[in-house]
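Dropping model.pdb in here (PDB, C-alpha atoms):
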ATOM      1  CA  MET A   1       0.000   0.000   0.000
ATOM      2  CA  SER A   2       1.188   3.497  -0.768
ATOM      3  CA  LYS A   3       2.339   5.629   2.146
ATOM      4  CA  GLY A   4       0.361   8.478   0.670
ATOM      5  CA  HIS A   5      -2.965   6.769   1.307
ATOM      6  CA  LYS A   6      -4.935   8.025   4.299
ATOM      7  CA  PRO A   7      -6.578   5.507   6.666
ATOM      8  CA  HIS A   8     -10.153   6.313   5.640
ATOM      9  CA  VAL A   9      -9.200   5.943   1.929
ATOM     10  CA  LEU A  10      -7.720   2.523   2.654
ATOM     11  CA  ALA A  11     -10.822   1.495   4.601
ATOM     12  CA  HIS A  12     -13.065   2.553   1.702
ATOM     13  CA  LYS A  13     -10.834   0.631  -0.740
ATOM     14  CA  TRP A  14     -11.089  -2.474   1.451
ATOM     15  CA  PHE A  15     -14.889  -2.179   1.536
ATOM     16  CA  TYR A  16     -14.956  -1.834  -2.275
ATOM     17  CA  GLU A  17     -12.855  -4.959  -2.712
ATOM     18  CA  PHE A  18     -14.974  -6.787  -0.143
ATOM     19  CA  GLY A  19     -18.168  -5.915  -2.015
ATOM     20  CA  THR A  20     -16.660  -6.870  -5.382
ATOM     21  CA  ARG A  21     -15.498 -10.266  -4.171
ATOM     22  CA  HIS A  22     -18.950 -11.139  -2.862
ATOM     23  CA  ASN A  23     -20.812  -9.643  -5.803
ATOM     24  CA  MET A  24     -23.197  -7.904  -3.443
ATOM     25  CA  SER A  25     -26.531  -6.488  -4.474
ATOM     26  CA  ILE A  26     -27.459  -2.795  -4.430
ATOM     27  CA  LYS A  27     -28.998  -3.255  -0.980
ATOM     28  CA  ALA A  28     -25.777  -4.798   0.310
ATOM     29  CA  GLY A  29     -23.929  -1.815  -1.100
ATOM     30  CA  ARG A  30     -26.100   0.434   1.029
ATOM     31  CA  LYS A  31     -25.106  -1.636   4.046
ATOM     32  CA  LEU A  32     -21.473  -1.014   3.257
ATOM     33  CA  ARG A  33     -22.071   2.705   3.028
ATOM     34  CA  ASP A  34     -23.496   2.654   6.553
ATOM     35  CA  MET A  35     -20.663   0.475   7.782
ATOM     36  CA  ARG A  36     -18.108   2.987   6.543
ATOM     37  CA  MET A  37     -19.522   5.370   9.103
ATOM     38  CA  VAL A  38     -19.258   2.644  11.773
ATOM     39  CA  CYS A  39     -15.598   2.152  10.974
ATOM     40  CA  ARG A  40     -14.858   5.874  11.043
ATOM     41  CA  ILE A  41     -16.521   5.992  14.469
ATOM     42  CA  ALA A  42     -14.360   3.030  15.503
ATOM     43  CA  GLY A  43     -11.254   5.079  14.979
ATOM     44  CA  VAL A  44     -10.324   4.883  11.309
ATOM     45  CA  ARG A  45      -9.781   8.642  11.351
ATOM     46  CA  SER A  46      -6.785   8.325  13.675
ATOM     47  CA  THR A  47      -3.678   9.221  11.671
ATOM     48  CA  GLU A  48      -1.494   7.891  14.473
ATOM     49  CA  GLN A  49      -2.498   4.298  13.702
ATOM     50  CA  SER A  50      -0.493   2.358  11.152
ATOM     51  CA  GLU A  51      -2.216   1.358   7.921
ATOM     52  CA  GLU A  52      -2.309  -2.284   9.037
ATOM     53  CA  SER A  53      -3.803  -1.521  12.467
ATOM     54  CA  VAL A  54      -6.425   0.672  10.836
ATOM     55  CA  LEU A  55      -7.453  -2.113   8.476
ATOM     56  CA  ASP A  56      -7.369  -4.691  11.287
ATOM     57  CA  GLU A  57      -9.556  -2.446  13.428
ATOM     58  CA  SER A  58     -11.973  -1.765  10.584
ATOM     59  CA  ARG A  59     -12.273  -5.492   9.829
ATOM     60  CA  LYS A  60     -12.823  -6.217  13.529
ATOM     61  CA  ARG A  61     -15.502  -3.547  13.841
ATOM     62  CA  CYS A  62     -17.186  -4.712  10.668
ATOM     63  CA  ARG A  63     -17.290  -8.285  11.961
ATOM     64  CA  ILE A  64     -18.840  -6.998  15.190
ATOM     65  CA  ALA A  65     -21.370  -4.986  13.201
ATOM     66  CA  GLY A  66     -22.215  -8.075  11.158
ATOM     67  CA  VAL A  67     -20.804  -7.139   7.755
ATOM     68  CA  ARG A  68     -19.074 -10.517   7.282
ATOM     69  CA  SER A  69     -22.470 -12.205   7.243
ATOM     70  CA  THR A  70     -24.336 -11.300   4.067
ATOM     71  CA  GLU A  71     -27.259 -13.307   5.417
ATOM     72  CA  GLN A  72     -27.990 -10.610   8.034
ATOM     73  CA  SER A  73     -31.010  -8.487   7.345
ATOM     74  CA  GLU A  74     -30.487  -4.906   6.253
ATOM     75  CA  GLU A  75     -32.470  -3.813   9.296
ATOM     76  CA  SER A  76     -30.057  -5.397  11.805
ATOM     77  CA  VAL A  77     -27.042  -3.830  10.082
ATOM     78  CA  LEU A  78     -28.651  -0.396  10.123
ATOM     79  CA  ASP A  79     -29.597  -0.834  13.794
ATOM     80  CA  GLU A  80     -25.947  -1.503  14.660
ATOM     81  CA  SER A  81     -24.884   1.499  12.600
ATOM     82  CA  ARG A  82     -27.323   3.770  14.411
ATOM     83  CA  LYS A  83     -26.169   2.406  17.772
ATOM     84  CA  GLN A  84     -22.537   3.176  16.995
ATOM     85  CA  ARG A  85     -23.436   6.675  15.842
ATOM     86  CA  ARG A  86     -25.317   7.347  19.077
ATOM     87  CA  ILE A  87     -22.293   6.198  21.077
ATOM     88  CA  ALA A  88     -20.042   8.476  19.038
ATOM     89  CA  ARG A  89     -22.409  11.423  19.483
ATOM     90  CA  VAL A  90     -22.210  11.080  23.264
ATOM     91  CA  GLN A  91     -18.485  10.393  23.434
ATOM     92  CA  LYS A  92     -17.480  12.740  20.588
ATOM     93  CA  GLY A  93     -14.223  10.870  20.140
ATOM     94  CA  LYS A  94     -12.897  11.597  23.618
ATOM     95  CA  THR A  95     -10.857   9.275  25.823
ATOM     96  CA  LYS A  96     -12.061   8.256  29.264
ATOM     97  CA  GLU A  97      -9.782  10.798  30.923
ATOM     98  CA  GLU A  98     -11.073  13.618  28.724
ATOM     99  CA  LYS A  99     -14.694  12.688  29.384
ATOM    100  CA  SER A 100     -14.160  12.883  33.122
ATOM    101  CA  MET A 101     -13.200  16.531  32.647
ATOM    102  CA  PHE A 102     -16.117  17.564  30.438
ATOM    103  CA  LEU A 103     -17.185  20.167  33.005
ATOM    104  CA  GLU A 104     -14.396  21.583  35.163
ATOM    105  CA  ILE A 105     -15.011  24.031  38.008
ATOM    106  CA  LYS A 106     -11.701  25.162  39.455
ATOM    107  CA  GLY A 107     -10.969  27.505  42.370
ATOM    108  CA  ILE A 108     -14.184  29.524  42.074
ATOM    109  CA  HIS A 109     -14.451  32.446  44.492
ATOM    110  CA  ARG A 110     -17.295  34.967  44.450
ATOM    111  CA  SER A 111     -18.116  37.766  46.865
ATOM    112  CA  PHE A 112     -20.584  40.641  46.979
ATOM    113  CA  GLY A 113     -20.298  44.065  48.576
ATOM    114  CA  ALA A 114     -17.155  45.921  49.671
ATOM    115  CA  GLY A 115     -15.274  46.728  52.850
ATOM    116  CA  GLU A 116     -17.084  45.728  56.025
ATOM    117  CA  ASN A 117     -20.134  44.749  53.982
ATOM    118  CA  ARG A 118     -18.235  42.280  51.814
ATOM    119  CA  VAL A 119     -19.721  38.772  51.909
ATOM    120  CA  GLU A 120     -17.903  35.810  50.369
ATOM    121  CA  VAL A 121     -20.546  33.558  48.839
ATOM    122  CA  LEU A 122     -18.287  30.972  47.157
ATOM    123  CA  LYS A 123     -15.009  30.040  48.840
ATOM    124  CA  GLY A 124     -12.938  28.029  46.385
ATOM    125  CA  ILE A 125     -15.194  25.559  44.585
ATOM    126  CA  ASP A 126     -13.491  22.637  42.814
ATOM    127  CA  VAL A 127     -15.490  19.924  41.063
ATOM    128  CA  GLU A 128     -15.499  17.925  37.815
ATOM    129  CA  MET A 129     -18.362  16.212  36.001
ATOM    130  CA  GLU A 130     -18.526  13.655  33.221
ATOM    131  CA  ARG A 131     -20.536  14.134  30.055
ATOM    132  CA  GLY A 132     -24.101  12.861  30.438
ATOM    133  CA  GLU A 133     -24.252  12.891  34.249
ATOM    134  CA  LEU A 134     -27.339  14.011  36.116
ATOM    135  CA  CYS A 135     -25.928  16.006  39.025
ATOM    136  CA  VAL A 136     -27.878  17.473  41.933
ATOM    137  CA  LEU A 137     -26.452  20.526  43.692
ATOM    138  CA  LEU A 138     -27.897  20.356  47.187
ATOM    139  CA  GLY A 139     -27.778  22.827  50.036
ATOM    140  CA  PRO A 140     -29.772  25.187  52.243
ATOM    141  CA  SER A 141     -30.792  28.676  51.196
ATOM    142  CA  GLY A 142     -27.752  30.968  51.082
ATOM    143  CA  SER A 143     -25.217  28.165  50.526
ATOM    144  CA  GLY A 144     -24.172  29.515  47.110
ATOM    145  CA  LYS A 145     -26.004  27.060  44.830
ATOM    146  CA  SER A 146     -27.676  29.563  42.523
ATOM    147  CA  THR A 147     -24.575  31.785  42.406
ATOM    148  CA  LEU A 148     -22.504  28.824  41.230
ATOM    149  CA  LEU A 149     -25.156  27.903  38.662
ATOM    150  CA  ASN A 150     -25.156  31.477  37.322
ATOM    151  CA  ILE A 151     -21.368  31.434  36.965
ATOM    152  CA  ILE A 152     -21.490  28.129  35.084
ATOM    153  CA  GLY A 153     -24.187  29.623  32.887
ATOM    154  CA  GLY A 154     -22.131  32.705  32.068
ATOM    155  CA  ILE A 155     -24.735  34.992  33.657
ATOM    156  CA  ASP A 156     -22.406  35.988  36.502
ATOM    157  CA  SER A 157     -18.607  36.035  36.694
ATOM    158  CA  ALA A 158     -16.261  34.706  39.365
ATOM    159  CA  ASP A 159     -13.728  36.837  41.245
ATOM    160  CA  SER A 160     -11.147  34.100  40.619
ATOM    161  CA  GLY A 161     -10.970  30.574  39.236
ATOM    162  CA  TYR A 162     -12.541  29.326  36.026
ATOM    163  CA  ILE A 163     -15.299  27.237  34.471
ATOM    164  CA  SER A 164     -14.420  25.024  31.511
ATOM    165  CA  ILE A 165     -16.888  23.152  29.302
ATOM    166  CA  ALA A 166     -15.354  20.882  26.683
ATOM    167  CA  GLY A 167     -12.109  22.820  27.024
ATOM    168  CA  GLU A 168     -13.632  26.314  26.696
ATOM    169  CA  LYS A 169     -12.883  28.591  29.676
ATOM    170  CA  THR A 170     -15.436  31.302  30.417
ATOM    171  CA  ALA A 171     -12.848  33.497  32.152
ATOM    172  CA  ASP A 172     -11.044  34.018  28.818
ATOM    173  CA  MET A 173     -14.178  35.066  26.919
ATOM    174  CA  SER A 174     -15.374  38.469  25.767
ATOM    175  CA  GLU A 175     -19.056  39.324  26.166
ATOM    176  CA  LYS A 176     -19.660  38.330  22.555
ATOM    177  CA  ALA A 177     -17.866  35.014  23.089
ATOM    178  CA  LEU A 178     -19.897  34.408  26.268
ATOM    179  CA  THR A 179     -23.097  34.861  24.297
ATOM    180  CA  ALA A 180     -21.896  32.307  21.745
ATOM    181  CA  TYR A 181     -20.880  29.985  24.619
ATOM    182  CA  ARG A 182     -24.372  30.153  26.139
ATOM    183  CA  ARG A 183     -26.016  29.516  22.786
ATOM    184  CA  LYS A 184     -23.705  26.615  21.917
ATOM    185  CA  HIS A 185     -23.503  24.719  25.201
ATOM    186  CA  LEU A 186     -26.317  25.654  27.587
ATOM    187  CA  GLY A 187     -30.026  25.199  28.146
ATOM    188  CA  TYR A 188     -31.814  26.846  31.098
ATOM    189  CA  ILE A 189     -34.815  25.763  33.149
ATOM    190  CA  PHE A 190     -35.901  28.258  35.797
ATOM    191  CA  GLN A 191     -38.236  28.076  38.768
ATOM    192  CA  GLN A 192     -40.400  30.700  37.069
ATOM    193  CA  TYR A 193     -41.320  29.588  33.579
ATOM    194  CA  ASN A 194     -40.495  32.855  31.748
ATOM    195  CA  LEU A 195     -42.631  31.961  28.728
ATOM    196  CA  ILE A 196     -43.468  34.599  26.111
ATOM    197  CA  PRO A 197     -47.163  35.290  26.778
ATOM    198  CA  ASN A 198     -48.244  36.070  23.211
ATOM    199  CA  LEU A 199     -46.693  32.910  21.698
ATOM    200  CA  THR A 200     -48.230  29.429  21.626
ATOM    201  CA  VAL A 201     -46.642  26.400  23.284
ATOM    202  CA  ARG A 202     -45.108  25.346  19.981
ATOM    203  CA  GLU A 203     -43.790  28.835  19.247
ATOM    204  CA  ASN A 204     -42.281  29.192  22.717
ATOM    205  CA  ILE A 205     -40.400  25.932  22.232
ATOM    206  CA  GLU A 206     -39.249  26.979  18.765
ATOM    207  CA  VAL A 207     -37.658  30.109  20.249
ATOM    208  CA  GLY A 208     -34.964  27.788  21.622
ATOM    209  CA  ALA A 209     -34.530  26.148  18.217
ATOM    210  CA  TYR A 210     -33.704  29.504  16.616
ATOM    211  CA  LEU A 211     -30.743  29.845  19.000
ATOM    212  CA  SER A 212     -29.144  26.538  18.011
ATOM    213  CA  GLU A 213     -27.121  25.302  15.073
ATOM    214  CA  LYS A 214     -28.267  21.715  15.748
ATOM    215  CA  PRO A 215     -31.855  21.872  17.086
ATOM    216  CA  LEU A 216     -33.934  18.785  17.754
ATOM    217  CA  ASN A 217     -37.220  18.146  15.978
ATOM    218  CA  THR A 218     -40.101  20.212  17.399
ATOM    219  CA  ASP A 219     -42.736  17.512  16.897
ATOM    220  CA  GLU A 220     -40.526  14.966  18.668
ATOM    221  CA  ILE A 221     -40.032  17.301  21.643
ATOM    222  CA  LEU A 222     -43.771  17.978  21.881
ATOM    223  CA  GLU A 223     -44.414  14.239  21.892
ATOM    224  CA  VAL A 224     -41.753  13.491  24.523
ATOM    225  CA  LEU A 225     -43.104  16.255  26.769
ATOM    226  CA  GLY A 226     -46.744  15.212  26.333
ATOM    227  CA  LEU A 227     -47.635  18.599  24.829
ATOM    228  CA  THR A 228     -48.734  17.648  21.319
ATOM    229  CA  GLN A 229     -52.417  18.231  22.062
ATOM    230  CA  HIS A 230     -51.613  21.561  23.780
ATOM    231  CA  GLN A 231     -49.192  22.914  21.166
ATOM    232  CA  HIS A 232     -51.532  25.671  19.936
ATOM    233  CA  LYS A 233     -52.530  26.935  23.389
ATOM    234  CA  MET A 234     -51.250  30.173  24.906
ATOM    235  CA  PRO A 235     -49.348  30.122  28.241
ATOM    236  CA  ASN A 236     -52.336  31.521  30.174
ATOM    237  CA  GLN A 237     -54.346  28.484  29.061
ATOM    238  CA  LEU A 238     -51.892  26.037  30.651
ATOM    239  CA  SER A 239     -51.473  24.572  34.130
ATOM    240  CA  GLY A 240     -48.254  25.188  36.062
ATOM    241  CA  GLY A 241     -46.936  21.755  35.110
ATOM    242  CA  GLN A 242     -47.702  22.295  31.421
ATOM    243  CA  GLN A 243     -45.956  25.665  31.498
ATOM    244  CA  GLN A 244     -42.860  24.082  33.054
ATOM    245  CA  ARG A 245     -42.937  21.331  30.430
ATOM    246  CA  THR A 246     -42.979  24.044  27.771
ATOM    247  CA  ALA A 247     -40.003  25.744  29.444
ATOM    248  CA  ILE A 248     -38.164  22.407  29.477
ATOM    249  CA  GLY A 249     -38.936  21.967  25.780
ATOM    250  CA  ARG A 250     -37.542  25.417  24.998
ATOM    251  CA  ALA A 251     -34.282  24.472  26.769
ATOM    252  CA  VAL A 252     -33.982  20.933  25.407
ATOM    253  CA  ILE A 253     -34.765  21.662  21.740
ATOM    254  CA  LYS A 254     -31.420  23.495  21.524
ATOM    255  CA  ASN A 255     -29.772  20.094  22.004
ATOM    256  CA  PRO A 256     -27.498  21.618  24.670
ATOM    257  CA  ASP A 257     -24.431  19.987  26.172
ATOM    258  CA  ILE A 258     -25.519  21.067  29.661
ATOM    259  CA  LEU A 259     -29.015  21.601  31.046
ATOM    260  CA  LEU A 260     -29.027  24.001  34.019
ATOM    261  CA  CYS A 261     -32.077  23.662  36.271
ATOM    262  CA  ASP A 262     -32.602  26.215  39.047
ATOM    263  CA  GLU A 263     -35.240  24.845  41.444
ATOM    264  CA  PRO A 264     -37.368  23.571  38.505
ATOM    265  CA  THR A 265     -40.076  22.199  40.815
ATOM    266  CA  GLY A 266     -40.088  25.056  43.340
ATOM    267  CA  ALA A 267     -43.399  26.507  42.135
ATOM    268  CA  LEU A 268     -45.173  23.182  41.598
ATOM    269  CA  ASP A 269     -47.297  20.872  43.729
ATOM    270  CA  TYR A 270     -46.067  17.460  44.875
ATOM    271  CA  ASN A 271     -47.433  15.262  42.078
ATOM    272  CA  THR A 272     -46.566  17.716  39.310
ATOM    273  CA  SER A 273     -43.056  18.065  40.777
ATOM    274  CA  LYS A 274     -42.528  14.318  40.495
ATOM    275  CA  ASP A 275     -43.758  14.387  36.889
ATOM    276  CA  ILE A 276     -41.287  17.169  36.018
ATOM    277  CA  LEU A 277     -38.384  15.382  37.748
ATOM    278  CA  LYS A 278     -39.213  12.186  35.836
ATOM    279  CA  LEU A 279     -39.289  14.195  32.630
ATOM    280  CA  ILE A 280     -35.876  15.762  33.315
ATOM    281  CA  SER A 281     -34.461  12.298  34.015
ATOM    282  CA  ASP A 282     -35.956  10.964  30.778
ATOM    283  CA  VAL A 283     -34.493  13.877  28.801
ATOM    284  CA  ASN A 284     -31.080  13.155  30.321
ATOM    285  CA  GLU A 285     -31.326   9.496  29.290
ATOM    286  CA  LYS A 286     -32.745  10.118  25.817
ATOM    287  CA  TYR A 287     -30.540  12.987  24.645
ATOM    288  CA  GLY A 288     -27.378  12.429  26.694
ATOM    289  CA  CYS A 289     -27.088  16.010  27.950
ATOM    290  CA  THR A 290     -25.378  16.723  31.261
ATOM    291  CA  VAL A 291     -27.903  17.961  33.825
ATOM    292  CA  LEU A 292     -27.002  20.192  36.764
ATOM    293  CA  MET A 293     -30.003  20.743  39.040
ATOM    294  CA  VAL A 294     -30.075  23.078  42.031
ATOM    295  CA  THR A 295     -32.440  22.162  44.859
ATOM    296  CA  HIS A 296     -32.857  22.274  48.625
ATOM    297  CA  ASN A 297     -35.075  19.162  48.573
ATOM    298  CA  ASP A 298     -33.027  16.279  50.025
ATOM    299  CA  ALA A 299     -35.207  13.598  48.408
ATOM    300  CA  ILE A 300     -34.241  14.674  44.877
ATOM    301  CA  GLN A 301     -30.614  13.592  45.419
ATOM    302  CA  ASN A 302     -31.714   9.955  45.169
ATOM    303  CA  MET A 303     -32.387  10.244  41.422
ATOM    304  CA  ALA A 304     -28.945  11.722  40.627
ATOM    305  CA  ASP A 305     -25.740  10.167  39.297
ATOM    306  CA  ARG A 306     -23.729  12.638  41.391
ATOM    307  CA  VAL A 307     -24.685  14.604  44.499
ATOM    308  CA  ILE A 308     -22.721  17.735  45.460
ATOM    309  CA  LYS A 309     -23.593  19.244  48.836
ATOM    310  CA  LEU A 310     -22.795  22.903  49.471
ATOM    311  CA  HIS A 311     -22.737  24.668  52.809
ATOM    312  CA  ASP A 312     -21.623  28.228  53.480
ATOM    313  CA  GLY A 313     -19.934  28.552  50.092
ATOM    314  CA  THR A 314     -17.878  25.342  50.258
ATOM    315  CA  ILE A 315     -18.352  21.785  49.035
ATOM    316  CA  ARG A 316     -19.031  19.492  51.985
ATOM    317  CA  SER A 317     -19.322  16.319  49.909
ATOM    318  CA  ASN A 318     -19.171  15.121  46.297
ATOM    319  CA  ILE A 319     -20.663  11.638  46.033
ATOM    320  CA  VAL A 320     -21.327   9.358  43.056
ATOM    321  CA  ASN A 321     -24.684   7.688  43.614
ATOM    322  CA  ALA A 322     -24.314   3.960  42.964
ATOM    323  CA  ASP A 323     -27.972   3.173  43.710
ATOM    324  CA  LYS A 324     -30.219   5.610  41.867
ATOM    325  CA  THR A 325     -33.944   5.777  42.461
ATOM    326  CA  ASP A 326     -36.389   6.285  39.613
ATOM    327  CA  ALA A 327     -37.727   9.837  39.785
ATOM    328  CA  ALA A 328     -41.320   8.564  39.752
ATOM    329  CA  LEU A 329     -40.636   6.659  43.013
ATOM    330  CA  LEU A 330     -39.249   9.614  44.987
ATOM    331  CA  GLU A 331     -41.066  10.471  48.202
ATOM    332  CA  TRP A 332     -40.842  13.530  50.438
TER     333      TRP A 332
END

Take the structure from the file and write it as structure tokens.
Amino acid sequence: MSKGHKPHVLAHKWFYEFGTRHNMSIKAGRKLRDMRMVCRIAGVRSTEQSEESVLDESRKRCRIAGVRSTEQSEESVLDESRKQRRIARVQKGKTKEEKSMFLEIKGIHRSFGAGENRVEVLKGIDVEMERGELCVLLGPSGSGKSTLLNIIGGIDSADSGYISIAGEKTADMSEKALTAYRRKHLGYIFQQYNLIPNLTVRENIEVGAYLSEKPLNTDEILEVLGLTQHQHKMPNQLSGGQQQRTAIGRAVIKNPDILLCDEPTGALDYNTSKDILKLISDVNEKYGCTVLMVTHNDAIQNMADRVIKLHDGTIRSNIVNADKTDAALLEW
């Protein structure tokens, strides 16, 4: 093989030869097209691999995907292809070490006031989160939860330290860059719904789509949120739970990397609160976004992957929850 060939070119050539040898049909050719994507996901793009290791890896992945068996149905091959693409979308080609540092919060200090009236709200916060985690930020009123959430969201700035999402540090950003950062990475769910009163449910959700380069499908979001039959109603025609579902839809349709939830059930009754928590958990599972939820309700920690407890501006504990409870089964 020529040294000038790139790994993905070699992989494509191998697939062509494979298809020629077996005299595959047009449908089989479509399978190969999908499998090329599987092999690229498997690492064919890595220029550090030798040509032989690339081909070995591609053959291995193709065997796993079922390409060697022409008796497999087209449906099963496509299912495997879709599965691999979903994995790649969540991992985005990162190593385990890089994933563990998806969200970095380092040395965050924040105070308000001056002189004798100066109050230090955050006193050196250090924490890391993996991509796709559902994290609950727990603590009493005045512990610094919402201030930390606002700094992560780029709404407030720290006196020192930095926030990094996927390698982008907010401390280094101009106001214009911060705006782009919020649009690219973040979705917000507030205690108050903040819906636009003269827009329908569907239109309020679509506001979030306009802010994203990769929005999700509006009809799919409406279906997931149970709002399809209410999509043409105005906010004043909705219950509190339906309004919060609409607010969640507006945040989620952006397809954000991180979903920031500031007391999302604070204005809701018990049963509606459980419905909203279940919905947030389902969104986390379905779309793979990292969720950071602020609450003072101790029971909510049981549904989280990670529980961070704040007290008086410091982290008292940072625990990975090995025994999660389904949100629908929470009691308080």

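If only C-alpha atoms are the atoms counted, then among A:Leu199, A:Ile221, A:Leu103, A:Met303 the closest residue to Tyr162 (chain A) is A:Leu103.
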
For this session: Spell out the residues picked by the PyMOL selection byres ((chain A and resi 319) around 7) here, as an MDAnalysis selection string.
Result: chainID A and resid 306:308 317:318 320:321

Residue subset to file, keeping C-alpha atoms, as a PDB file, keeping the file's coordinate frame:
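So the final result, stored in selection_34.pdb, reads:
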ATOM      1  CA  ARG A 306     -23.729  12.638  41.391  1.00  0.00           C
ATOM      2  CA  VAL A 307     -24.685  14.604  44.499  1.00  0.00           C
ATOM      3  CA  ILE A 308     -22.721  17.735  45.460  1.00  0.00           C
ATOM      4  CA  SER A 317     -19.322  16.319  49.909  1.00  0.00           C
ATOM      5  CA  ASN A 318     -19.171  15.121  46.297  1.00  0.00           C
ATOM      6  CA  VAL A 320     -21.327   9.358  43.056  1.00  0.00           C
ATOM      7  CA  ASN A 321     -24.684   7.688  43.614  1.00  0.00           C
TER       8      ASN A 321
END

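Counting all atoms listed in the file and comparing A:Glu128, A:Thr170, A:Glu331, A:Leu279, the residue that lies closest to Asn150 (chain A) is A:Thr170.
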
Exercise. What is the distance, in Å and to one decimal place, between CA of Lys233 (chain A) and CA of Asn217 (chain A)?
Worked result: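 Between CA of Lys233 (chain A) and CA of Asn217 (chain A) the gap works out to 19.1 Å.
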
For this session: Would you mind telling me which residue in A:Ala327, A:Thr147, A:Val136, A:Ala158 lies nearest to Arg110 (chain A) when using all atoms listed in the file?
Result: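 Ranked by minimum distance to Arg110 (chain A), first place goes to A:Ala158.
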
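CA of Leu216 (chain A) lies 23.2 Å from CA of Gly154 (chain A).
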
Exercise. So what does the PyMOL selection byres ((chain A and resi 254) around 12) actually pick up in this one, as a count of residues only?
Worked result: 36

For this session: Evaluate the PyMOL selection byres ((chain A and resi 165) around 6) and record the selected residues as JSON, numbers by chain, following the chain and residue labels used in the document.
Result: {"A": [102, 103, 164, 166, 167, 168]}

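Considering only C-alpha atoms, the residue among A:Ile108, A:Leu138, A:Leu227, A:Leu310 positioned nearest to Ile151 (chain A) is A:Ile108.
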
Problem set entry | Best match for closeness to Thr290 (chain A) among A:Gly139, A:Pro235, A:Gly132, A:Gly313, counting only C-alpha atoms |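 Of A:Gly139, A:Pro235, A:Gly132, A:Gly313, the one nearest Thr290 (chain A) is A:Gly132, counting only C-alpha atoms.
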
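Here CA of Arg131 (chain A) stands at a distance of 13.7 Å from CA of Ala304 (chain A).
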
Exercise. Looking at A:Glu175, A:Glu203, A:Glu263, A:Asp156, which one is nearest to His296 (chain A), with distances taken over all atoms listed in the file?
Worked result: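 Selected residue with least distance to His296 (chain A): A:Glu263.
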
Using all atoms of region 252-261 of chain A that appear in the file, construct an axis-aligned enclosing box with 3 Å of padding on every side and provide its centre coordinates and edge lengths in Å, rounded to one decimal, as JSON.
{"center_x": -29.6, "center_y": 22.0, "center_z": 28.9, "size_x": 16.3, "size_y": 10.0, "size_z": 20.7}

Show which residues sit within 9 Å of Asp126 (chain A), as a PDB file with C-alpha atoms, in the coordinates of the input. Count all atoms listed in the file, and ignore same-chain residues fewer than 4 positions away.
ATOM      1  CA  GLU A 104     -14.396  21.583  35.163  1.00  0.00           C
ATOM      2  CA  ILE A 105     -15.011  24.031  38.008  1.00  0.00           C
ATOM      3  CA  LYS A 106     -11.701  25.162  39.455  1.00  0.00           C
ATOM      4  CA  GLY A 107     -10.969  27.505  42.370  1.00  0.00           C
ATOM      5  CA  ILE A 108     -14.184  29.524  42.074  1.00  0.00           C
ATOM      6  CA  ILE A 315     -18.352  21.785  49.035  1.00  0.00           C
TER       7      ILE A 315
END
